[in-house]
file entry.cif (mmCIF, C-alpha atoms)
data_input
loop_
_atom_site.label_atom_id
_atom_site.label_comp_id
_atom_site.auth_asym_id
_atom_site.auth_seq_id
_atom_site.Cartn_x
_atom_site.Cartn_y
_atom_site.Cartn_z
CA MET O 1 0.00 0.00 0.00
CA ASN O 2 1.16 3.49 -0.74
CA ARG O 3 2.74 5.01 2.35
CA ASN O 4 0.73 8.23 2.11
CA ILE O 5 -2.54 6.35 1.76
CA GLU O 6 -1.52 4.25 4.74
CA THR O 7 -0.83 7.32 6.87
CA GLU O 8 -4.09 8.91 5.81
CA LEU O 9 -6.01 5.78 6.79
CA ILE O 10 -4.36 5.74 10.19
CA LYS O 11 -5.15 9.41 10.78
CA ARG O 12 -8.78 8.81 9.98
CA ALA O 13 -8.81 5.68 12.11
CA MET O 14 -7.40 7.44 15.15
CA ALA O 15 -9.91 10.24 14.63
CA GLY O 16 -12.61 7.65 15.20
CA ASP O 17 -13.34 6.41 11.70
CA ALA O 18 -14.21 2.78 12.32
CA SER O 19 -14.20 1.84 8.65
CA ALA O 20 -10.70 3.29 8.21
CA PHE O 21 -9.42 1.38 11.21
CA ASN O 22 -11.11 -1.78 10.01
CA GLU O 23 -9.33 -1.40 6.69
CA VAL O 24 -5.98 -0.88 8.37
CA TYR O 25 -6.64 -3.85 10.62
CA LEU O 26 -7.64 -6.23 7.84
CA LEU O 27 -4.64 -5.28 5.73
CA SER O 28 -2.20 -6.25 8.47
CA ARG O 29 -4.08 -8.81 10.52
CA ASP O 30 -3.05 -11.99 8.72
CA SER O 31 0.57 -10.94 8.42
CA VAL O 32 0.91 -10.17 12.10
CA TYR O 33 -0.93 -13.33 13.11
CA SER O 34 1.14 -15.50 10.76
CA PHE O 35 4.33 -14.00 12.12
CA ALA O 36 3.27 -14.64 15.70
CA TYR O 37 2.06 -18.14 14.88
CA ARG O 38 5.25 -19.13 13.08
CA MET O 39 7.31 -17.81 15.94
CA LEU O 40 5.34 -19.44 18.74
CA SER O 41 3.76 -22.45 17.01
CA GLU O 42 0.69 -21.90 19.18
CA SER O 43 -2.52 -20.43 17.86
CA SER O 44 -3.80 -19.21 21.24
CA PHE O 45 -0.60 -17.30 22.00
CA ALA O 46 -0.50 -15.98 18.46
CA GLU O 47 -4.05 -14.71 18.86
CA ASP O 48 -3.18 -12.95 22.11
CA ILE O 49 -0.09 -11.37 20.60
CA THR O 50 -2.04 -10.16 17.58
CA GLN O 51 -4.77 -8.68 19.74
CA GLU O 52 -2.25 -6.93 21.97
CA THR O 53 -0.45 -5.56 18.95
CA PHE O 54 -3.51 -3.87 17.50
CA ILE O 55 -4.68 -2.67 20.89
CA PHE O 56 -1.28 -1.04 21.28
CA LEU O 57 -1.85 0.73 17.98
CA ILE O 58 -5.28 1.85 19.18
CA GLU O 59 -3.95 3.08 22.52
CA HIS O 60 -0.75 4.66 21.22
CA PRO O 61 -1.20 5.76 17.62
CA GLU O 62 1.39 8.48 18.15
CA LYS O 63 4.08 5.79 18.39
CA TYR O 64 3.81 5.04 14.67
CA LEU O 65 5.97 7.42 12.68
CA GLN O 66 5.69 7.23 8.93
CA GLU O 67 9.28 8.32 8.38
CA ARG O 68 10.60 5.37 10.38
CA GLY O 69 8.95 2.68 8.29
CA SER O 70 5.76 1.12 7.03
CA LEU O 71 2.82 0.27 9.26
CA PRO O 72 3.35 -3.51 8.88
CA ALA O 73 6.95 -3.07 9.98
CA PHE O 74 5.77 -1.08 13.01
CA LEU O 75 3.25 -3.76 13.89
CA TYR O 76 5.84 -6.51 13.49
CA GLY O 77 8.06 -4.60 15.89
CA VAL O 78 5.31 -4.38 18.49
CA ALA O 79 4.45 -8.05 18.04
CA ARG O 80 8.09 -9.00 18.11
CA ASN O 81 8.67 -7.44 21.52
CA ARG O 82 5.77 -9.37 22.99
CA ILE O 83 6.87 -12.58 21.32
CA MET O 84 10.41 -12.33 22.66
CA HIS O 85 9.08 -11.51 26.11
CA HIS O 86 6.90 -14.60 25.92
CA LEU O 87 9.79 -16.79 24.79
CA ARG O 88 12.04 -15.48 27.55
CA LYS O 89 9.35 -16.28 30.09
CA GLN O 90 9.31 -19.80 28.74
CA GLY O 91 13.08 -20.00 29.18
CA LYS O 92 13.73 -20.39 25.47
CA LEU O 93 17.27 -19.71 24.30
CA LEU O 94 16.96 -16.96 21.73
CA GLU O 95 20.19 -17.56 19.87
CA THR O 96 22.71 -20.33 19.70
CA SER O 97 26.41 -20.24 19.17
CA VAL O 98 28.20 -21.20 16.00
CA GLU O 99 29.15 -24.56 17.51
CA LEU O 100 25.54 -25.50 17.95
CA ILE O 101 24.82 -24.43 14.41
CA ASP O 102 27.48 -26.85 13.20
CA ASP O 103 25.43 -29.64 14.73
CA TYR O 104 22.70 -28.86 12.27
CA SER O 105 24.92 -29.95 9.39
CA GLU O 106 23.74 -33.48 10.03
CA PRO O 107 20.14 -33.70 8.87
CA LYS O 108 17.96 -35.18 11.55
CA VAL O 109 15.75 -37.30 9.33
CA GLU O 110 15.14 -40.93 8.97
CA THR O 111 17.47 -41.91 6.19
CA ALA O 112 16.25 -45.47 6.20
CA ARG O 113 12.90 -44.38 4.71
CA ASP O 114 12.63 -43.44 1.12
CA PRO O 115 11.44 -39.82 1.03
CA LEU O 116 9.95 -40.36 -2.38
CA LYS O 117 7.47 -42.80 -0.93
CA VAL O 118 6.78 -41.02 2.32
CA LEU O 119 5.68 -37.52 1.63
CA LEU O 120 2.34 -36.21 0.59
CA GLU O 121 2.07 -32.53 0.28
CA GLU O 122 0.57 -32.15 3.76
CA GLU O 123 3.39 -34.13 5.27
CA PHE O 124 5.94 -31.96 3.57
CA MET O 125 4.21 -28.85 4.86
CA ALA O 126 4.34 -30.32 8.34
CA LYS O 127 8.00 -31.02 7.87
CA VAL O 128 8.67 -27.49 6.78
CA GLU O 129 6.83 -26.11 9.80
CA GLU O 130 8.67 -28.46 12.07
CA SER O 131 12.01 -27.43 10.61
CA LEU O 132 11.16 -23.79 11.04
CA ALA O 133 10.21 -24.40 14.67
CA VAL O 134 13.57 -26.02 15.30
CA LEU O 135 15.45 -22.83 14.46
CA PRO O 136 16.60 -20.60 17.31
CA PRO O 137 14.02 -17.83 17.80
CA LEU O 138 16.17 -14.98 16.47
CA GLN O 139 17.04 -16.89 13.30
CA ARG O 140 13.42 -17.94 12.95
CA GLU O 141 12.36 -14.33 13.26
CA ALA O 142 14.85 -13.20 10.64
CA ILE O 143 13.93 -15.87 8.09
CA ILE O 144 10.18 -15.38 8.59
CA LEU O 145 10.40 -11.62 8.12
CA ARG O 146 12.71 -12.00 5.14
CA GLU O 147 11.13 -14.89 3.26
CA LEU O 148 7.50 -14.88 4.32
CA GLN O 149 6.83 -11.23 5.06
CA GLU O 150 9.28 -10.06 2.39
CA LEU O 151 10.78 -7.25 4.39
CA SER O 152 14.07 -5.68 3.49
CA TYR O 153 17.15 -6.26 5.61
CA GLU O 154 16.94 -2.63 6.76
CA GLU O 155 13.39 -3.06 7.99
CA ILE O 156 14.23 -6.32 9.74
CA ALA O 157 17.21 -4.67 11.40
CA ARG O 158 15.00 -1.86 12.65
CA ILE O 159 12.35 -4.27 13.96
CA SER O 160 14.80 -6.51 15.73
CA GLU O 161 16.95 -3.59 16.89
CA GLU O 162 20.12 -5.13 15.47
CA ASN O 163 22.58 -4.00 12.87
CA ILE O 164 22.01 -5.13 9.33
CA ASN O 165 25.00 -7.48 9.17
CA THR O 166 23.75 -9.40 12.19
CA VAL O 167 20.41 -9.84 10.47
CA LYS O 168 22.06 -11.09 7.30
CA VAL O 169 24.10 -13.62 9.22
CA ARG O 170 20.97 -14.88 10.96
CA VAL O 171 19.18 -15.26 7.63
CA TYR O 172 22.16 -17.09 6.18
CA ARG O 173 22.37 -19.50 9.10
CA ALA O 174 18.66 -20.11 9.02
CA ARG O 175 18.75 -20.91 5.31
CA ARG O 176 21.66 -23.32 5.76
CA THR O 177 19.93 -25.08 8.63
CA LEU O 178 16.65 -25.38 6.78
CA ALA O 179 18.45 -26.56 3.67
CA ASP O 180 20.12 -29.32 5.67
CA LEU O 181 16.89 -30.34 7.38
CA LEU O 182 14.85 -30.35 4.20
CA ALA O 183 17.55 -31.81 1.95
CA PRO O 184 16.00 -35.31 1.79
CA TYR O 185 12.71 -33.79 0.73
CA VAL O 186 13.97 -31.30 -1.81
CA ASN O 187 15.54 -32.50 -5.02
CA CYS O 188 17.81 -30.11 -6.82
CA GLU O 189 18.81 -31.19 -10.26
CA ARG O 190 20.75 -28.82 -12.36
CA LYS O 191 19.08 -25.46 -12.11
CA THR O 192 15.73 -26.48 -10.70
CA CYS O 193 14.79 -27.40 -7.19
CA TYR O 194 11.49 -28.89 -6.25
CA ALA O 195 9.93 -30.64 -3.34
CA VAL O 196 9.97 -34.40 -3.63
CA ARG O 197 6.43 -35.80 -3.38
CA MET V 1 37.55 -17.86 -6.27
CA GLN V 2 37.85 -20.47 -3.51
CA CYS V 3 34.99 -22.42 -1.93
CA VAL V 4 35.59 -20.71 1.44
CA GLU V 5 34.98 -17.30 -0.12
CA VAL V 6 32.01 -18.45 -2.16
CA GLU V 7 30.38 -20.01 0.87
CA LYS V 8 30.28 -16.57 2.52
CA LEU V 9 28.89 -14.88 -0.59
CA VAL V 10 26.33 -17.41 -1.70
CA ASN V 11 23.69 -16.01 0.68
CA TRP V 12 24.07 -12.58 -0.86
CA LEU V 13 23.77 -14.17 -4.28
CA VAL V 14 20.47 -15.72 -3.22
CA ASP V 15 19.27 -12.23 -2.31
CA ASP V 16 20.82 -10.82 -5.47
CA GLU V 17 22.74 -8.25 -3.51
CA LEU V 18 26.19 -8.77 -4.99
CA GLU V 19 27.75 -6.18 -7.22
CA SER V 20 28.09 -7.32 -10.81
CA SER V 21 31.81 -8.19 -10.85
CA VAL V 22 31.62 -10.25 -7.66
CA LYS V 23 28.41 -11.86 -8.81
CA ARG V 24 30.06 -12.94 -12.03
CA SER V 25 32.99 -14.49 -10.18
CA VAL V 26 30.71 -16.39 -7.82
CA LYS V 27 28.60 -17.70 -10.68
CA ASP V 28 31.68 -18.82 -12.53
CA HIS V 29 32.74 -20.79 -9.48
CA LEU V 30 29.32 -22.33 -9.05
CA GLY V 31 29.48 -23.51 -12.65
CA GLU V 32 32.58 -25.49 -11.81
CA CYS V 33 32.05 -26.56 -8.18
CA HIS V 34 29.29 -29.08 -7.61
CA SER V 35 29.46 -28.79 -3.86
CA CYS V 36 29.06 -25.01 -3.75
CA ARG V 37 26.36 -25.19 -6.40
CA ARG V 38 24.39 -27.64 -4.23
CA VAL V 39 24.63 -25.23 -1.29
CA PHE V 40 23.42 -22.35 -3.42
CA GLU V 41 20.56 -24.31 -4.94
CA SER V 42 19.45 -25.71 -1.61
CA MET V 43 19.33 -22.22 -0.13
CA GLN V 44 17.33 -21.03 -3.11
CA ALA V 45 15.01 -23.99 -2.65
CA VAL V 46 14.44 -22.93 0.95
CA ARG V 47 13.05 -19.61 -0.27
CA GLY V 48 10.61 -21.28 -2.62
CA THR V 49 9.68 -23.92 -0.08
CA LEU V 50 8.86 -21.45 2.64
CA LYS V 51 6.75 -19.32 0.33
CA ASN V 52 4.87 -22.26 -1.21
CA TYR V 53 4.41 -24.44 1.81
CA LEU V 54 3.91 -21.88 4.56
CA PRO V 55 1.01 -19.73 3.39
CA PRO V 56 -0.39 -16.89 5.53
CA ILE V 57 -2.66 -18.09 8.29
CA ALA V 58 -5.91 -16.37 9.10
CA PRO V 59 -6.62 -15.93 12.80
CA PRO V 60 -9.89 -17.03 14.47
CA SER V 61 -12.85 -14.80 13.67
CA ARG V 62 -13.35 -13.84 17.33
CA LEU V 63 -10.14 -11.81 17.13
CA ASP V 64 -11.83 -9.31 14.82
CA ALA V 65 -14.60 -8.68 17.35
CA LEU V 66 -12.13 -8.27 20.21
CA VAL V 67 -10.00 -5.75 18.36
CA MET V 68 -12.95 -3.72 17.11
CA GLU V 69 -14.41 -3.71 20.60
CA ALA V 70 -11.16 -2.25 21.89
CA PHE V 71 -11.31 0.37 19.17
CA TYR V 72 -14.86 1.41 20.05
CA SER V 73 -14.01 1.50 23.76
CA LYS V 74 -11.14 3.83 23.03
CA GLN V 75 -13.43 6.14 21.07
CA LYS V 76 -15.83 6.36 23.99
CA GLN V 77 -13.11 7.48 26.38
CA PRO V 78 -13.12 11.25 26.94
CA ALA V 79 -10.01 13.14 25.96
CA SER V 80 -8.41 13.38 29.38
CA SER V 81 -5.51 15.56 30.26
CA THR V 82 -2.82 13.32 31.57
CA PRO V 83 -0.10 14.75 33.76
CA GLN V 84 2.29 14.35 30.91
CA SER V 85 0.07 16.32 28.57
CA TRP V 86 -0.35 19.40 30.80
CA LEU V 87 3.30 19.34 31.68
CA GLN V 88 4.08 19.26 28.02
CA THR V 89 1.62 22.09 27.45
CA ILE V 90 3.16 24.31 30.10
CA PHE V 91 6.78 23.64 29.42
CA GLY V 92 6.22 23.38 25.73
CA ARG V 93 4.83 26.88 25.63
CA LEU V 94 7.56 28.27 27.82
CA ALA V 95 10.14 26.47 25.72
CA ILE V 96 12.05 25.37 28.83
CA PRO V 97 14.40 22.43 28.35
CA LYS V 98 13.30 19.33 30.24
CA PRO V 99 16.44 18.94 32.41
CA ALA V 100 16.16 22.57 33.52
CA ALA V 101 12.49 22.18 34.28
CA LEU V 102 13.15 19.07 36.32
CA THR V 103 15.92 20.75 38.29
CA PHE V 104 13.72 23.75 38.97
CA ALA V 105 10.85 21.56 40.15
CA THR V 106 13.16 19.62 42.47
CA VAL V 107 14.56 22.80 44.03
CA VAL V 108 11.10 24.27 44.58
CA PHE V 109 9.83 21.08 46.17
CA ALA V 110 12.84 20.81 48.48
CA ALA V 111 12.43 24.43 49.56
CA LEU V 112 8.76 23.96 50.33
CA PHE V 113 9.43 20.81 52.30
CA GLY V 114 12.16 22.46 54.35
CA PHE V 115 9.99 25.48 55.08
CA ALA V 116 7.13 23.30 56.24
CA PHE V 117 9.44 21.28 58.43
CA GLN V 118 10.82 24.40 60.10
CA LEU V 119 7.34 25.57 60.94
CA GLY V 120 6.86 22.34 62.88
CA ARG V 121 4.05 21.13 60.66
CA ILE V 122 5.59 17.75 60.70
CA SER V 123 6.22 16.46 64.17
CA ALA V 124 6.16 12.95 65.42
CA THR V 125 5.10 14.10 68.90
CA ASP V 126 1.85 15.44 67.55
CA ILE V 127 0.81 11.95 66.72
CA GLN V 128 -0.97 10.31 69.58
CA MET V 129 -2.59 7.03 69.82
CA THR V 130 -5.75 6.78 71.83
CA MET V 131 -7.44 3.78 73.15
CA PRO V 132 -11.12 3.49 73.96
CA ALA V 133 -11.96 4.23 77.60
CA ASP V 134 -13.55 0.94 78.14
CA SER V 135 -12.17 -1.86 76.11
CA SER V 136 -13.42 -4.58 78.38
CA ALA V 137 -16.56 -4.95 76.32
CA MET V 138 -14.39 -6.01 73.44
CA LEU V 139 -13.15 -8.94 75.42
CA GLN V 140 -16.51 -10.49 76.22
CA THR V 141 -17.10 -13.85 74.73
CA PRO V 142 -20.36 -15.66 74.25
CA PRO V 143 -21.31 -18.13 76.96
CA PHE V 144 -20.13 -21.67 76.65
CA ASP V 145 -21.65 -24.77 77.91
CA LYS V 146 -20.37 -25.62 81.34
CA ILE V 147 -19.86 -28.95 82.84
CA SER V 148 -19.87 -29.16 86.63
CA PRO V 149 -18.55 -32.50 87.77
CA VAL V 150 -20.10 -33.79 90.94
CA ALA V 151 -16.73 -34.61 92.45
CA ALA V 152 -14.12 -32.24 91.15
CA ALA V 153 -11.24 -34.19 92.64
CA GLU V 154 -12.28 -37.44 91.00
CA THR V 155 -13.60 -36.29 87.69
CA PRO V 156 -11.17 -35.85 84.83
CA ALA V 157 -10.94 -32.73 82.61
CA VAL V 158 -13.53 -32.42 79.93
CA LYS V 159 -13.48 -30.87 76.59
CA ILE V 160 -16.22 -28.55 75.62
CA VAL V 161 -16.73 -28.10 71.98
CA GLU V 162 -19.09 -25.46 70.77
CA VAL V 163 -20.67 -26.10 67.46
CA PRO V 164 -22.00 -23.08 65.59
CA VAL V 165 -25.75 -23.11 65.57
CA VAL V 166 -27.99 -21.46 63.07
CA ARG V 167 -30.61 -19.55 65.01
CA GLU V 168 -33.44 -20.66 62.82
CA LYS V 169 -32.90 -24.27 63.51
CA ILE V 170 -31.70 -26.49 66.26
CA VAL V 171 -28.68 -28.62 65.76
CA THR V 172 -27.75 -31.29 68.20
CA ARG V 173 -24.94 -30.21 70.44
CA PHE V 174 -22.21 -32.66 71.09
CA VAL V 175 -20.63 -32.70 74.50
CA TYR V 176 -17.57 -34.87 74.77
CA LEU V 177 -16.78 -36.33 78.14
CA ASN V 178 -13.68 -38.09 79.09
CA LYS V 179 -14.54 -41.62 79.97
CA ARG V 180 -13.81 -42.77 83.48
CA ARG V 181 -11.61 -45.78 83.70
CA GLY V 182 -13.54 -48.97 83.92
CA GLU V 183 -16.77 -47.39 82.95
CA ARG V 184 -18.64 -48.28 79.90
CA SER V 185 -19.80 -45.55 77.71
CA GLU V 186 -23.34 -45.63 76.65
CA VAL V 187 -24.23 -44.65 73.20
CA LYS V 188 -27.37 -42.68 72.86
CA THR V 189 -28.78 -40.94 69.87
CA ALA V 190 -30.64 -37.68 69.72
CA ARG V 191 -34.24 -37.67 68.85
CA SER V 192 -34.92 -37.13 65.20
CA ASN V 193 -38.24 -35.34 65.73
CA PRO V 194 -37.74 -32.69 68.38
CA PRO V 195 -40.72 -31.75 70.62
CA PRO V 196 -42.25 -28.25 70.68
CA PRO V 197 -40.34 -25.33 72.29
CA ASN V 198 -39.94 -25.44 76.02
CA GLU V 199 -38.56 -22.93 78.44
CA SER V 200 -36.79 -25.69 80.25
CA LEU V 201 -34.45 -25.87 77.34
CA MET V 202 -32.98 -22.60 78.43
CA ASN V 203 -31.38 -24.23 81.38
CA ASP V 204 -31.31 -27.94 81.09
CA SER V 205 -29.18 -30.33 83.00
CA ILE V 206 -28.58 -33.99 82.80
CA ALA V 207 -27.06 -36.12 85.41
CA GLU V 208 -25.77 -39.31 83.98
CA ASN V 209 -22.94 -41.59 84.75
CA GLY V 210 -21.95 -39.32 87.59
CA TYR V 211 -21.55 -36.24 85.44
CA LEU V 212 -23.75 -33.21 85.60
CA THR V 213 -24.14 -31.57 82.29
CA GLN V 214 -25.61 -28.16 81.78
CA THR V 215 -26.57 -26.81 78.46
CA ASN V 216 -27.13 -23.13 77.94
CA LEU V 217 -29.10 -22.20 74.91
CA LYS V 218 -29.50 -18.58 75.96
CA GLY V 219 -29.65 -16.37 72.95
CA PHE V 220 -31.12 -19.09 70.77
CA GLN V 221 -34.79 -19.55 70.05
CA PRO V 222 -35.41 -23.16 69.53
CA VAL V 223 -38.39 -23.94 67.38
CA SER V 224 -38.92 -27.26 69.05
CA ASN V 225 -37.93 -29.17 72.10
CA ILE V 226 -34.94 -31.35 71.89
CA LYS V 227 -33.54 -33.65 74.43
CA THR V 228 -29.87 -33.34 75.02
CA SER V 229 -28.22 -36.67 75.41
CA ILE V 230 -24.81 -38.04 75.89
CA ILE V 231 -23.42 -39.90 72.99
CA LYS V 232 -20.16 -41.64 72.62
CA GLY V 233 -17.56 -39.78 70.72
CA GLY V 234 -13.82 -40.04 70.35
CA THR V 235 -11.33 -42.10 72.28
CA THR V 236 -10.38 -42.31 75.90
CA ASN V 237 -7.47 -40.06 75.24
CA GLU V 238 -9.70 -37.11 74.57
CA LYS V 239 -9.80 -34.48 77.24
#

call {"tool": "encode", "arguments": {"input": "entry.cif", "output": "structure tokens"}}
result
Amino acid sequence: MNRNIETELIKRAMAGDASAFNEVYLLSRDSVYSFAYRMLSESSFAEDITQETFIFLIEHPEKYLQERGSLPAFLYGVARNRIMHHLRKQGKLLETSVELIDDYSEPKVETARDPLKVLLEEEFMAKVEESLAVLPPLQREAIILRELQELSYEEIARISEENINTVKVRVYRARRTLADLLAPYVNCERKTCYAVR
Amino acid sequence: MQCVEVEKLVNWLVDDELESSVKRSVKDHLGECHSCRRVFESMQAVRGTLKNYLPPIAPPSRLDALVMEAFYSKQKQPASSTPQSWLQTIFGRLAIPKPAALTFATVVFAALFGFAFQLGRISATDIQMTMPADSSAMLQTPPFDKISPVAAAETPAVKIVEVPVVREKIVTRFVYLNKRRGERSEVKTARSNPPPPNESLMNDSIAENGYLTQTNLKGFQPVSNIKTSIIKGGTTNEK
């Protein structure tokens, strides 16, 4: 959405225009919920996070500054803070060291089974979700925002309050880990790669 | 280009963020190195896999109602002047820097506090604690049932247990007596259908097994007569 149109919608929404707010909400709702769900793998928590994110926007519209980034990026930032707080409460380690990453070089899949025979599309989707959930939270966040939400590295750096090189390294590590985990299910021949079904 | 260098650049190639000369060198290497090409292609495959197999998820429909409800609630709130807002209004208009304003406010507050203290407005000796003239009434307790043993020297200690009684109905009162040695306790049950009210209930006494038992139902209005009886309860160790 055009940034000016976005700002105009928010102004009208905060002035009490319910239809404008509803439009803003519907444009960002699925993205924020998907982000929260992929990070937490729990629909109830994802729902709470999404609700809190939009309530924050309702309560503090002045916190969104157009010059700092798009509205989705702002909402991801709000959601991200709540997600990380939730993960810390659960005692989840947010980032692992390089040594632990090296452990991921060995794909943790059953090599005895023939992947060609095993996977239906739903099973492969489950495998992809499972692999994503295995990633350390900060890498998971980076890869979700980069690949699924299609944000730029600059926006991701602003959301996660890190420098851009750190974000790129996280994305790189996440891709390598996912590539290792999904290797038995993805066949790359020559210049094409496709999921093995 | 060596594999070690290409391994670091392949991620940027996936994002197409390499400058043209470096990009050409990396691609040349990938054309010759099967291992590096596999890494590059697998990372590219990850992008496609995530996009194709992890579609956006729609939240439950109740979320929409909750968020819109919060929006409408916010609209109903009156525009209140928070402390921050009037502070901002005052100091914003005066164009006073925040650190200076804070310092000024601290100095003024300290001066006022010191002035008040000097005047003796704050004095611990002015604080007195008073007690009610007659606090004995607070110590009165409701009457308990009393047990007067016929022979105080021979009778053992007894335990009186008061059971809360609802005034609208009569509940059997249990009086536990310590059993004399060698005596058999008799088990008796209370009557299930109590007789009509009787003044004698106000001060009833039973002499049984050598014990005189008094029951005091003063303050209660029994709706029917009951007969207090001694029933067996507990062990011989009870006192």

call {"tool": "interface_residues", "arguments": {"input": "entry.cif", "of": "chain O", "to": "chain V", "cutoff": "7 Å", "atoms": "all atoms listed in the file", "output": "VMD selection string"}}
result
chain O and resid 16 30 to 31 33 to 34 47 51 54 to 55 58 125 147 to 148 172 175 to 176 178 to 179 188 193

call {"tool": "closest_residue", "arguments": {"input": "entry.cif", "among": "O:Ala13, O:Leu135, O:Glu161, O:Arg82", "to": "Phe45 of chain O", "atoms": "all atoms listed in the file"}}
result
O:Arg82

call {"tool": "atom_distance", "arguments": {"input": "entry.cif", "atom1": "atom CA of Arg158 of chain O", "atom2": "atom CA of Thr50 of chain O"}}
result
19.6 Å

call {"tool": "atom_distance", "arguments": {"input": "entry.cif", "atom1": "atom CA of Glu8 of chain O", "atom2": "atom CA of Glu59 of chain O"}}
result
17.7 Å

call {"tool": "atom_distance", "arguments": {"input": "entry.cif", "atom1": "atom CA of Met39 of chain O", "atom2": "atom CA of Arg146 of chain O"}}
result
13.4 Å

call {"tool": "residues_around", "arguments": {"input": "entry.cif", "residues": "Arg38 of chain O", "least_positions_apart": "5", "cutoff": "8 Å", "atoms": "only C-alpha atoms", "output": "number ranges by chain"}}
result
O: 129, 132-133, 144

call {"tool": "closest_residue", "arguments": {"input": "entry.cif", "among": "V:Ser35, V:Ser25, V:Ser61, V:Ser20", "to": "Leu26 of chain O", "atoms": "all atoms listed in the file"}}
result
V:Ser61

call {"tool": "resolve_selection", "arguments": {"input": "entry.cif", "expression": "the PyMOL selection byres ((chain O and resi 155) around 12)", "output": "PyMOL selection string"}}
result
chain O and resi 68-77+142+145-146+149-154+156-164+167-168
